[in-house]
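Shown here: data-v1.cif, mmCIF, C-alpha atoms.
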```cif
data_final
#
loop_
_atom_site.label_atom_id
_atom_site.label_comp_id
_atom_site.auth_asym_id
_atom_site.auth_seq_id
_atom_site.Cartn_x
_atom_site.Cartn_y
_atom_site.Cartn_z
CA MET K 680 57.88 -100.84 72.16
CA THR K 681 56.91 -98.38 74.86
CA LYS K 682 58.79 -100.22 77.58
CA GLN K 683 62.26 -99.11 76.55
CA TYR K 684 61.29 -95.48 76.97
CA LEU K 685 60.10 -95.78 80.52
CA THR K 686 62.31 -93.98 82.96
CA ASP K 687 62.20 -93.61 86.70
CA GLY K 688 63.22 -90.01 86.18
CA GLY K 689 66.24 -90.30 88.47
CA THR K 690 69.08 -92.33 87.01
CA ASP K 691 70.84 -89.48 85.24
CA PHE K 692 69.95 -86.86 87.76
CA ASP K 693 72.76 -84.41 88.35
CA PRO K 694 72.00 -82.26 91.42
CA SER K 695 74.74 -79.76 90.61
CA GLU K 696 73.25 -78.92 87.21
CA GLN K 697 69.59 -79.29 88.12
CA THR K 698 69.06 -80.92 84.75
CA HIS K 699 68.07 -84.37 83.71
CA ARG K 700 69.76 -85.78 80.61
CA VAL K 701 68.64 -88.84 78.73
CA THR K 702 69.83 -90.38 75.48
CA TYR K 703 67.63 -92.63 73.33
CA SER K 704 68.84 -94.53 70.34
CA ILE K 705 66.69 -94.43 67.22
CA GLU K 706 65.75 -98.02 66.50
CA GLU K 707 66.10 -99.30 62.99
CA GLY K 708 62.95 -98.65 60.99
CA GLU K 709 61.84 -96.00 63.45
CA LEU K 710 61.32 -92.42 62.38
CA PRO K 711 63.29 -89.79 64.29
CA SER K 712 60.12 -87.73 64.80
CA THR K 713 58.29 -90.67 66.38
CA THR K 714 61.22 -91.35 68.67
CA VAL K 715 61.32 -87.68 69.74
CA VAL K 716 57.65 -87.80 70.68
CA MET K 717 57.98 -91.06 72.60
CA ALA K 718 61.14 -89.93 74.36
CA VAL K 719 59.85 -86.52 75.43
CA ALA K 720 56.61 -88.13 76.61
CA ALA K 721 58.59 -90.63 78.69
CA VAL K 722 60.98 -88.06 80.17
CA THR K 723 58.17 -85.72 81.16
CA ASN K 724 55.69 -88.41 82.18
CA THR K 725 53.15 -87.14 79.68
CA LEU K 726 50.83 -88.99 77.31
CA TRP K 727 51.65 -88.56 73.60
CA VAL K 728 48.37 -86.89 72.87
CA ASP K 729 48.76 -84.51 75.81
CA LEU K 730 51.97 -83.04 74.41
CA ASP K 731 51.56 -80.11 72.04
CA PRO K 732 51.94 -81.38 68.47
CA LEU K 733 55.59 -81.67 67.46
CA TYR K 734 54.54 -79.79 64.32
CA VAL K 735 54.20 -76.65 66.42
CA VAL K 736 57.99 -76.51 66.76
CA ILE K 737 59.25 -78.46 63.76
CA ASP K 738 57.66 -80.15 60.74
CA PRO K 739 58.08 -83.89 61.48
CA ASP K 740 58.31 -84.68 57.76
CA HIS K 741 61.22 -82.28 57.36
CA LEU K 742 62.93 -83.64 60.47
CA ASP K 743 62.61 -87.22 59.22
CA GLY K 744 63.71 -86.14 55.75
CA VAL K 745 66.98 -84.74 57.06
CA PHE K 746 67.99 -88.00 58.71
CA THR K 747 66.71 -90.55 56.26
CA GLU K 748 68.42 -89.30 53.16
CA ALA K 749 71.47 -91.45 52.53
CA ASN K 750 74.82 -90.57 54.08
CA ASP K 751 74.46 -86.83 54.04
CA ALA K 752 73.14 -86.93 57.57
CA ILE K 753 76.30 -88.29 59.20
CA GLY K 754 77.51 -85.68 61.62
CA THR K 755 74.38 -83.59 61.20
CA GLU K 756 72.54 -82.54 64.32
CA THR K 757 69.34 -80.60 64.79
CA SER K 758 68.37 -78.99 68.07
CA PHE K 759 65.12 -77.48 69.18
CA THR K 760 63.13 -76.89 72.33
CA TYR K 761 59.99 -78.94 72.69
CA ASN K 762 57.73 -79.18 75.71
CA ASP K 763 60.43 -77.51 77.90
CA CYS K 764 62.98 -80.08 76.81
CA ASP K 765 66.12 -79.29 74.87
CA VAL K 766 66.13 -81.91 72.15
CA THR K 767 69.08 -82.75 69.91
CA VAL K 768 68.52 -85.19 67.09
CA SER K 769 71.34 -86.89 65.25
CA ARG K 770 71.32 -89.75 62.80
CA ASP K 771 71.08 -92.52 65.37
CA GLU K 772 70.18 -90.96 68.67
CA ILE K 773 68.17 -88.35 70.47
CA ARG K 774 69.51 -86.46 73.47
CA ILE K 775 67.14 -84.74 75.77
CA SER K 776 67.90 -82.45 78.62
CA VAL K 777 65.29 -80.94 80.84
CA ALA K 778 65.42 -78.86 84.02
CA THR K 779 64.41 -81.18 86.84
CA ASN K 780 61.73 -78.83 88.16
CA ASP K 781 59.97 -79.15 84.78
CA ILE K 782 59.36 -82.84 85.28
CA ASP K 783 55.88 -83.59 86.49
CA GLU K 784 56.10 -86.07 89.30
CA MET E 1493 62.12 -72.23 61.55
CA ASP E 1494 59.42 -70.21 59.87
CA ARG E 1495 56.73 -72.48 58.62
CA GLY E 1496 54.07 -69.81 58.31
CA THR E 1497 50.85 -71.11 56.90
CA THR E 1498 50.55 -73.82 54.32
CA GLN E 1499 51.23 -72.48 50.89
CA GLU E 1500 48.26 -72.72 48.59
CA ASN E 1501 50.21 -74.80 46.14
CA GLU E 1502 50.86 -77.43 48.81
CA ILE E 1503 47.18 -78.08 49.40
CA PRO E 1504 46.61 -80.30 46.36
CA LEU E 1505 49.60 -82.37 47.42
CA LEU E 1506 48.19 -82.73 50.90
CA LEU E 1507 44.85 -83.75 49.44
CA THR E 1508 46.28 -86.44 47.23
CA ALA E 1509 48.16 -88.19 50.04
CA PRO E 1510 46.13 -91.36 50.69
CA ARG E 1511 46.13 -91.04 54.45
CA ASN E 1512 44.88 -87.46 54.29
CA GLN E 1513 42.09 -88.56 51.99
CA THR E 1514 41.22 -91.24 54.52
CA ILE E 1515 41.13 -88.65 57.30
CA LEU E 1516 38.77 -86.48 55.30
CA ARG E 1517 36.64 -89.37 54.12
CA LEU E 1518 36.27 -90.92 57.55
CA GLY E 1519 35.42 -87.56 58.99
CA ARG E 1520 32.80 -86.80 56.44
CA ASN E 1521 31.10 -90.12 57.03
CA SER E 1522 30.74 -89.40 60.69
CA ASP E 1523 29.53 -86.78 63.09
CA ARG E 1524 31.18 -83.44 62.77
CA PHE E 1525 33.39 -83.99 65.80
CA VAL E 1526 35.69 -86.94 66.20
CA HIS E 1527 38.15 -87.69 68.96
CA VAL E 1528 41.63 -88.34 67.64
CA SER E 1529 41.70 -91.81 69.23
CA GLU E 1530 38.50 -92.73 67.37
CA LEU E 1531 40.00 -91.51 64.11
CA ALA E 1532 43.17 -93.53 64.73
CA ASP E 1533 41.09 -96.62 65.41
CA ARG E 1534 39.13 -96.17 62.17
CA ILE E 1535 42.29 -95.74 60.15
CA VAL E 1536 43.89 -98.85 61.61
CA THR E 1537 40.79 -101.01 61.14
CA ARG E 1538 39.51 -99.54 57.87
CA HIS E 1539 40.30 -102.58 55.79
CA ALA E 1540 38.79 -104.76 58.48
CA THR E 1541 41.67 -107.16 58.34
CA ILE E 1542 42.15 -109.20 61.47
CA LEU E 1543 44.92 -107.85 63.64
CA ASP E 1544 46.14 -109.50 66.78
CA SER E 1545 46.26 -107.23 69.77
CA ASP E 1546 50.01 -106.52 69.58
CA GLU E 1547 49.83 -105.60 65.90
CA TYR E 1548 46.81 -103.46 66.54
CA LYS E 1549 48.47 -101.67 69.44
CA GLU E 1550 51.63 -100.94 67.51
CA LYS E 1551 49.82 -99.62 64.44
CA TYR E 1552 47.38 -97.68 66.54
CA GLU E 1553 50.17 -95.95 68.48
CA ARG E 1554 52.00 -94.98 65.31
CA VAL E 1555 48.88 -93.67 63.63
CA LEU E 1556 47.90 -91.76 66.74
CA ILE E 1557 51.32 -90.09 66.99
CA SER E 1558 51.31 -89.28 63.31
CA LEU E 1559 47.81 -87.79 63.48
CA HIS E 1560 48.31 -85.70 66.59
CA HIS E 1561 51.84 -84.52 65.95
CA ASN E 1562 51.89 -84.12 62.19
CA LEU E 1563 48.91 -84.75 59.91
CA LEU E 1564 46.09 -83.04 61.77
CA PRO E 1565 47.99 -79.82 62.55
CA LYS E 1566 48.98 -79.73 58.88
CA LEU E 1567 45.45 -80.27 57.61
CA THR E 1568 44.26 -77.62 60.05
CA GLU E 1569 46.38 -75.10 58.20
CA THR E 1570 44.54 -75.91 54.98
CA GLY E 1571 41.24 -75.13 56.69
CA LEU E 1572 39.71 -78.47 55.70
CA VAL E 1573 39.63 -79.68 59.28
CA ASN E 1574 40.17 -78.03 62.59
CA TYR E 1575 42.13 -79.92 65.20
CA ASN E 1576 41.91 -78.77 68.78
CA TYR E 1577 44.99 -80.41 70.22
CA ASP E 1578 44.23 -79.57 73.82
CA GLU E 1579 40.93 -81.42 73.64
CA ASN E 1580 42.11 -83.89 70.96
CA ILE E 1581 38.97 -83.22 68.94
CA VAL E 1582 38.87 -83.06 65.15
CA SER E 1583 36.05 -81.02 63.66
CA TYR E 1584 35.15 -81.03 60.02
CA ARG E 1585 33.73 -78.27 57.95
CA ASN E 1586 30.22 -79.10 56.86
CA ASP E 1587 29.85 -81.45 53.91
CA ALA E 1588 28.50 -78.92 51.47
CA ALA E 1589 31.44 -76.60 51.82
CA VAL E 1590 34.01 -79.35 51.44
CA ASP E 1591 32.19 -81.02 48.56
CA ALA E 1592 31.72 -77.76 46.73
CA GLU E 1593 35.40 -77.05 47.10
CA TRP E 1594 36.37 -80.49 45.89
CA MET E 1595 34.05 -80.45 42.97
CA ASP E 1596 34.20 -76.83 42.00
CA ALA E 1597 35.40 -76.84 38.42
CA ASP E 1598 37.99 -74.14 39.07
CA ASN E 1599 39.51 -76.17 41.86
CA ILE E 1600 39.58 -79.28 39.74
CA ASP E 1601 41.43 -77.26 37.13
CA LYS E 1602 43.88 -76.21 39.83
CA LEU E 1603 44.36 -79.81 40.92
CA LEU E 1604 44.88 -80.84 37.34
CA THR E 1605 47.53 -78.20 36.89
CA GLU E 1606 49.33 -79.68 39.87
CA VAL E 1607 49.26 -83.24 38.66
CA ARG E 1608 49.83 -82.39 35.01
CA THR E 1609 53.03 -84.01 33.90
CA GLU E 1610 55.31 -83.17 31.06
CA ARG E 1611 54.39 -85.86 28.63
CA GLU E 1612 54.69 -85.99 24.93
CA GLY E 1613 51.70 -85.85 22.67
CA ASP E 1614 48.22 -84.91 23.70
CA THR E 1615 47.85 -87.15 26.73
CA SER E 1616 47.37 -84.19 29.02
CA ALA E 1617 44.49 -82.82 26.97
CA ILE E 1618 41.18 -82.64 28.75
CA GLY E 1619 38.04 -82.45 26.69
CA MET E 1620 34.75 -80.89 27.69
CA LEU E 1621 31.29 -82.17 26.84
CA GLU E 1622 28.61 -79.60 27.36
CA ASP E 1623 25.31 -81.36 26.86
CA ARG E 1624 23.72 -84.52 28.13
CA LYS E 1625 23.40 -86.11 24.72
CA SER E 1626 27.16 -85.98 24.10
CA ILE E 1627 27.76 -87.23 27.63
CA ILE E 1628 25.56 -90.27 27.11
CA GLU E 1629 27.18 -90.87 23.75
CA TYR E 1630 30.68 -90.68 25.21
CA GLY E 1631 29.69 -92.99 28.07
CA ARG E 1632 28.45 -95.42 25.44
CA SER E 1633 31.77 -95.29 23.59
CA LEU E 1634 33.70 -95.90 26.82
CA ALA E 1635 31.59 -98.97 27.52
CA TYR E 1636 32.07 -100.06 23.93
CA GLU E 1637 35.85 -99.63 24.00
CA ALA E 1638 36.50 -101.19 27.40
CA ASN E 1639 38.54 -104.36 27.12
CA GLU E 1640 38.88 -105.53 30.70
CA GLU E 1641 37.18 -103.37 33.23
CA LEU E 1642 34.47 -100.76 33.44
CA PHE E 1643 34.09 -98.81 36.63
CA CYS E 1644 30.90 -96.75 36.92
CA MET E 1645 29.44 -94.59 39.64
CA TYR E 1646 26.05 -92.94 39.32
CA VAL E 1647 24.53 -90.54 41.77
CA SER E 1648 20.89 -91.14 40.84
CA ASP E 1649 18.74 -93.31 38.59
CA ASP E 1650 17.63 -90.24 36.59
CA LEU E 1651 20.99 -90.46 34.85
CA LEU E 1652 20.85 -94.18 34.23
CA GLU E 1653 19.21 -94.39 30.84
CA GLU E 1654 18.17 -97.67 29.33
CA VAL E 1655 20.76 -97.18 26.63
CA CYS E 1656 23.54 -97.17 29.26
CA ILE E 1657 22.34 -100.51 30.58
CA SER E 1658 22.34 -102.10 27.13
CA HIS E 1659 25.91 -100.98 26.48
CA ALA E 1660 26.95 -102.38 29.83
CA GLU E 1661 25.29 -105.69 28.86
CA ASP E 1662 27.28 -105.74 25.64
CA ALA E 1663 30.50 -105.13 27.57
CA ILE E 1664 29.72 -107.98 29.96
CA GLU E 1665 29.18 -110.29 26.99
CA ARG E 1666 32.64 -109.38 25.75
CA GLY E 1667 34.07 -110.48 29.09
CA VAL E 1668 34.55 -107.04 30.60
CA ASP E 1669 34.32 -106.89 34.40
CA ILE E 1670 31.84 -104.26 35.47
CA TYR E 1671 31.84 -102.53 38.83
CA PHE E 1672 28.80 -100.48 39.55
CA GLY E 1673 28.68 -98.15 42.52
CA SER E 1674 25.94 -95.94 43.86
CA GLN E 1675 24.55 -94.82 47.16
CA ASN E 1676 21.16 -94.63 45.47
CA GLN E 1677 19.03 -97.70 46.15
CA ASN E 1678 17.19 -97.40 42.81
CA VAL E 1679 20.43 -97.38 40.86
CA ARG E 1680 21.59 -100.53 42.66
CA ASP E 1681 18.20 -102.21 42.17
CA ILE E 1682 18.21 -101.47 38.44
CA ALA E 1683 21.77 -102.68 38.09
CA ARG E 1684 21.02 -105.84 40.09
CA ARG E 1685 18.02 -106.62 37.93
CA TYR E 1686 19.54 -105.94 34.52
CA LEU E 1687 23.22 -106.56 35.11
CA PRO E 1688 23.36 -109.55 37.45
CA GLU E 1689 26.99 -110.20 36.44
CA ALA E 1690 28.16 -106.77 37.56
CA THR E 1691 29.79 -106.25 40.94
CA LEU E 1692 27.65 -103.82 42.90
CA TRP E 1693 28.68 -101.86 45.86
CA GLU E 1694 27.60 -98.93 47.93
CA PRO E 1695 30.34 -96.31 48.10
CA GLN E 1696 30.96 -95.11 51.62
CA SER E 1697 32.29 -91.81 50.41
CA ASN E 1698 30.33 -88.64 50.12
CA LEU E 1699 31.82 -88.23 46.69
CA MET E 1700 28.79 -89.82 45.09
CA ARG E 1701 26.10 -88.93 47.59
CA GLU E 1702 22.91 -87.51 46.17
CA PRO E 1703 23.41 -83.85 45.62
CA SER E 1704 22.53 -81.36 48.30
CA SER E 1705 24.66 -78.66 46.77
CA TYR E 1706 26.00 -77.94 43.32
CA PRO E 1707 28.04 -78.44 41.25
CA LYS E 1708 28.31 -82.12 42.10
CA VAL E 1709 29.73 -85.19 40.42
CA GLY E 1710 26.78 -86.93 38.75
CA ARG E 1711 28.44 -89.81 37.02
CA LEU E 1712 31.88 -91.18 36.62
CA VAL E 1713 32.95 -93.81 34.12
CA LEU E 1714 36.47 -95.22 34.13
CA ALA E 1715 37.34 -97.71 31.41
CA ASP E 1716 40.38 -99.97 31.84
CA ARG E 1717 41.65 -97.34 34.28
CA GLU E 1718 42.87 -95.27 31.34
CA LYS E 1719 39.84 -93.49 29.93
CA VAL E 1720 37.57 -91.43 32.03
CA MET E 1721 34.50 -89.28 31.96
CA LEU E 1722 33.65 -87.20 34.99
CA ALA E 1723 30.29 -85.47 34.65
CA LEU E 1724 29.23 -82.58 36.86
CA LEU E 1725 25.62 -81.77 37.59
CA ASP E 1726 24.61 -78.20 38.11
CA GLU E 1727 21.56 -76.92 39.92
CA ALA E 1728 18.24 -77.71 38.22
CA ASP E 1729 16.88 -75.03 35.91
CA VAL E 1730 13.26 -73.84 35.83
CA ASN E 1731 12.23 -77.01 34.00
CA GLY E 1732 13.68 -79.13 36.77
CA VAL E 1733 16.52 -80.36 34.57
CA SER E 1734 20.05 -80.30 35.96
CA PRO E 1735 22.46 -79.11 33.29
CA GLU E 1736 25.32 -81.56 32.96
CA THR E 1737 28.84 -80.97 31.72
CA ALA E 1738 31.64 -83.49 31.59
CA MET E 1739 35.39 -83.60 31.47
CA ILE E 1740 36.98 -86.41 29.54
CA GLY E 1741 40.50 -87.73 29.47
CA ASP E 1742 42.12 -90.46 27.46
CA GLY E 1743 45.38 -92.29 28.14
CA TRP E 1744 47.13 -93.84 31.15
CA ASN E 1745 49.13 -90.64 31.72
CA ASN E 1746 46.34 -88.19 31.00
CA SER E 1747 46.05 -85.70 33.86
CA LEU E 1748 42.36 -86.29 34.45
CA VAL E 1749 42.78 -90.06 34.33
CA VAL E 1750 45.67 -89.84 36.79
CA LEU E 1751 43.64 -87.62 39.11
CA VAL E 1752 40.58 -89.89 39.05
CA ARG E 1753 42.72 -92.97 39.63
CA GLU E 1754 44.29 -91.23 42.63
CA LEU E 1755 40.94 -90.17 44.04
CA LEU E 1756 39.49 -93.63 43.58
CA ASP E 1757 42.62 -95.40 44.70
CA PRO E 1758 41.29 -96.74 48.01
CA ARG E 1759 38.19 -98.09 46.26
CA LEU E 1760 40.12 -99.66 43.42
CA ASP E 1761 42.40 -101.27 45.97
CA HIS E 1762 39.41 -102.58 47.81
CA LEU E 1763 38.11 -104.18 44.63
CA ASP E 1764 41.53 -105.68 44.07
CA TYR E 1765 41.38 -107.29 47.49
CA GLN E 1766 38.10 -108.87 46.51
CA SER E 1767 39.45 -110.45 43.38
CA GLU E 1768 42.93 -111.89 43.10
CA GLU E 1769 42.39 -112.71 39.45
CA PHE E 1770 41.38 -109.14 38.76
CA ARG E 1771 44.49 -107.88 40.48
CA SER E 1772 46.81 -110.10 38.52
CA GLU E 1773 45.49 -108.82 35.23
CA LEU E 1774 46.23 -105.21 35.97
CA PRO E 1775 49.65 -103.65 35.94
CA PHE E 1776 49.66 -102.46 39.57
#
```
Go ahead and express the file in the form of structure tokens.
Amino acid sequence: MTKQYLTDGGTDFDPSEQTHRVTYSIEEGELPSTTVVMAVAAVTNTLWVDLDPLYVVIDPDHLDGVFTEANDAIGTETSFTYNDCDVTVSRDEIRISVATNDIDE
Amino acid sequence: MDRGTTQENEIPLLLTAPRNQTILRLGRNSDRFVHVSELADRIVTRHATILDSDEYKEKYERVLISLHHNLLPKLTETGLVNYNYDENIVSYRNDAAVDAEWMDADNIDKLLTEVRTEREGDTSAIGMLEDRKSIIEYGRSLAYEANEELFCMYVSDDLLEEVCISHAEDAIERGVDIYFGSQNQNVRDIARRYLPEATLWEPQSNLMREPSSYPKVGRLVLADREKVMLALLDEADVNGVSPETAMIGDGWNNSLVVLVRELLDPRLDHLDYQSEEFRSELPF
């Protein structure tokens, strides 16, 4: 479960932009909010419980509600900033971009 | 997104969610401070089923994420718990305050308004009994009318009159399953002696703990999961007698019956686990 989120923090590194971009797919049966938490924790090398609660920036129940209700969510995207990461959630994936100097080595 | 604080009308909904009840219950059975990882462990293992280490790890991780990122910050807004997310420590308000809030008649009314459904007829009617004699009499009639199951909780043996025992005996003779819960040793001893066929258990919840503050639930009788009497004890008067009043509800869809079933849900489920036959006879 956790393994797929591990990153060496360098594969998508783009020195010209000074940002690090990673895309995670939302596995079937997985809640978008859970995937956001796991992904941001992996990208920033932080434990889940050391991140501020996701609820501080967005209600996880509302986030999950948007993407689990039938077909309405196709093409819908939600973006927010969480733990210094720009997070974009769509129906089947989560894109994260973070300035490289924000990554704790 | 402006979430502001939790609207007052959302609180009853938060309270009736089973996992939130578990959080509150587990917290109130423990020290006032609990680390989130401890809470997650208790939630995962609360039914004491055997999990292999992979299953445990997966459930534990999900519960931990859900607690830290969603449920605990939400409950913090209600004021029922306080979650310090830097330290990962959950602190609970002291028992008396939480119990009083739960059992305060006004708040129960508020909860009932929330769960009240638009049903035909008088199934949402809630009756009041205002003296002990009527309460005992109504308890007797519940025992008398029960066809399959009688679920009783008593807070102390003062309330357990001989007459109650004899009606319970009659019910057992008619083939009714009786479940008898109390944290009071005397109540369990009496029940064990006179009602050997009844299933006894010691509730782990503070719901039925001996009163340290009032008003407090004194007795609860649920017959066939569709008729209920919930009696509240008030502080003892100068004669040392605690005035007792009760709310009664009748019918599967009656608001009070629905509320009590929801509150007792984890315990009813637990009984179901203990008896497959019992489970198969009931419609859920």
### Message
Residue by residue, what does the PyMOL selection byres ((chain K) within 9 of (chain E)) grab here? Present the result as a list in words.
### Response
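Taken over the shown coordinates, the PyMOL selection byres ((chain K) within 9 of (chain E)) returns Met680, Ser712, Thr713, Val716, Met717, Trp727, Val728, Asp729, Leu730, Asp731, Pro732, Leu733, Tyr734, Val735, Val736, Ile737, Asp738, Pro739 and Asp740 of chain K.
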Output check: residues returned by the PyMOL selection byres ((chain E and resi 1722-1736) around 10), as a PDB file with C-alpha atoms, in the coordinates of the input:
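The result, written out as out.pdb:
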```
ATOM      1  CA  MET E1595      34.050 -80.450  42.970  1.00  0.00           C
ATOM      2  CA  ASP E1596      34.200 -76.830  42.000  1.00  0.00           C
ATOM      3  CA  ALA E1597      35.400 -76.840  38.420  1.00  0.00           C
ATOM      4  CA  MET E1620      34.750 -80.890  27.690  1.00  0.00           C
ATOM      5  CA  LEU E1621      31.290 -82.170  26.840  1.00  0.00           C
ATOM      6  CA  GLU E1622      28.610 -79.600  27.360  1.00  0.00           C
ATOM      7  CA  ASP E1623      25.310 -81.360  26.860  1.00  0.00           C
ATOM      8  CA  ARG E1624      23.720 -84.520  28.130  1.00  0.00           C
ATOM      9  CA  LYS E1625      23.400 -86.110  24.720  1.00  0.00           C
ATOM     10  CA  ILE E1627      27.760 -87.230  27.630  1.00  0.00           C
ATOM     11  CA  GLY E1631      29.690 -92.990  28.070  1.00  0.00           C
ATOM     12  CA  MET E1645      29.440 -94.590  39.640  1.00  0.00           C
ATOM     13  CA  TYR E1646      26.050 -92.940  39.320  1.00  0.00           C
ATOM     14  CA  VAL E1647      24.530 -90.540  41.770  1.00  0.00           C
ATOM     15  CA  PRO E1703      23.410 -83.850  45.620  1.00  0.00           C
ATOM     16  CA  SER E1704      22.530 -81.360  48.300  1.00  0.00           C
ATOM     17  CA  SER E1705      24.660 -78.660  46.770  1.00  0.00           C
ATOM     18  CA  TYR E1706      26.000 -77.940  43.320  1.00  0.00           C
ATOM     19  CA  PRO E1707      28.040 -78.440  41.250  1.00  0.00           C
ATOM     20  CA  LYS E1708      28.310 -82.120  42.100  1.00  0.00           C
ATOM     21  CA  VAL E1709      29.730 -85.190  40.420  1.00  0.00           C
ATOM     22  CA  GLY E1710      26.780 -86.930  38.750  1.00  0.00           C
ATOM     23  CA  ARG E1711      28.440 -89.810  37.020  1.00  0.00           C
ATOM     24  CA  LEU E1712      31.880 -91.180  36.620  1.00  0.00           C
ATOM     25  CA  VAL E1713      32.950 -93.810  34.120  1.00  0.00           C
ATOM     26  CA  LEU E1714      36.470 -95.220  34.130  1.00  0.00           C
ATOM     27  CA  VAL E1720      37.570 -91.430  32.030  1.00  0.00           C
ATOM     28  CA  MET E1721      34.500 -89.280  31.960  1.00  0.00           C
ATOM     29  CA  THR E1737      28.840 -80.970  31.720  1.00  0.00           C
ATOM     30  CA  ALA E1738      31.640 -83.490  31.590  1.00  0.00           C
ATOM     31  CA  MET E1739      35.390 -83.600  31.470  1.00  0.00           C
ATOM     32  CA  ILE E1740      36.980 -86.410  29.540  1.00  0.00           C
ATOM     33  CA  GLY E1741      40.500 -87.730  29.470  1.00  0.00           C
ATOM     34  CA  LEU E1748      42.360 -86.290  34.450  1.00  0.00           C
ATOM     35  CA  VAL E1749      42.780 -90.060  34.330  1.00  0.00           C
ATOM     36  CA  VAL E1752      40.580 -89.890  39.050  1.00  0.00           C
TER      37      VAL E1752
END
```
As lines of an AutoDock Vina configuration file, what would the box around region 1644-1657 of chain E look like: edges along x, y and z, 5 Å added on every side, centre and edge lengths in Å to one decimal?
```
center_x = 24.3
center_y = -95.4
center_z = 34.2
size_x = 23.3
size_y = 20.3
size_z = 25.1
```
#### Entry: Hits of the PyMOL selection byres ((chain E and resi 1693) around 8) in this structure, as a ChimeraX atom specification
/E:1671-1674,1680,1691-1692,1694-1695
### Message
Report, in Å with one decimal, the straight-line distance from CA of Val1536 (chain E) to CA of Thr723 (chain K).
### Response
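One can read the CA of Val1536 (chain E) to CA of Thr723 (chain K) distance as 27.5 Å.
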### Query
Got a sec to check which residues sit within 7 Å of (62.7, -83.3, 70.3), counting only C-alpha atoms, and write them as a list of chain:residue names?
K:Val715, K:Val716, K:Val719, K:Phe759, K:Thr760, K:Tyr761, K:Asp765, K:Val766, K:Thr767, K:Val768
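The space separating CA of Ile1670 (chain E) from CA of Ala1715 (chain E) comes to 9.5 Å.
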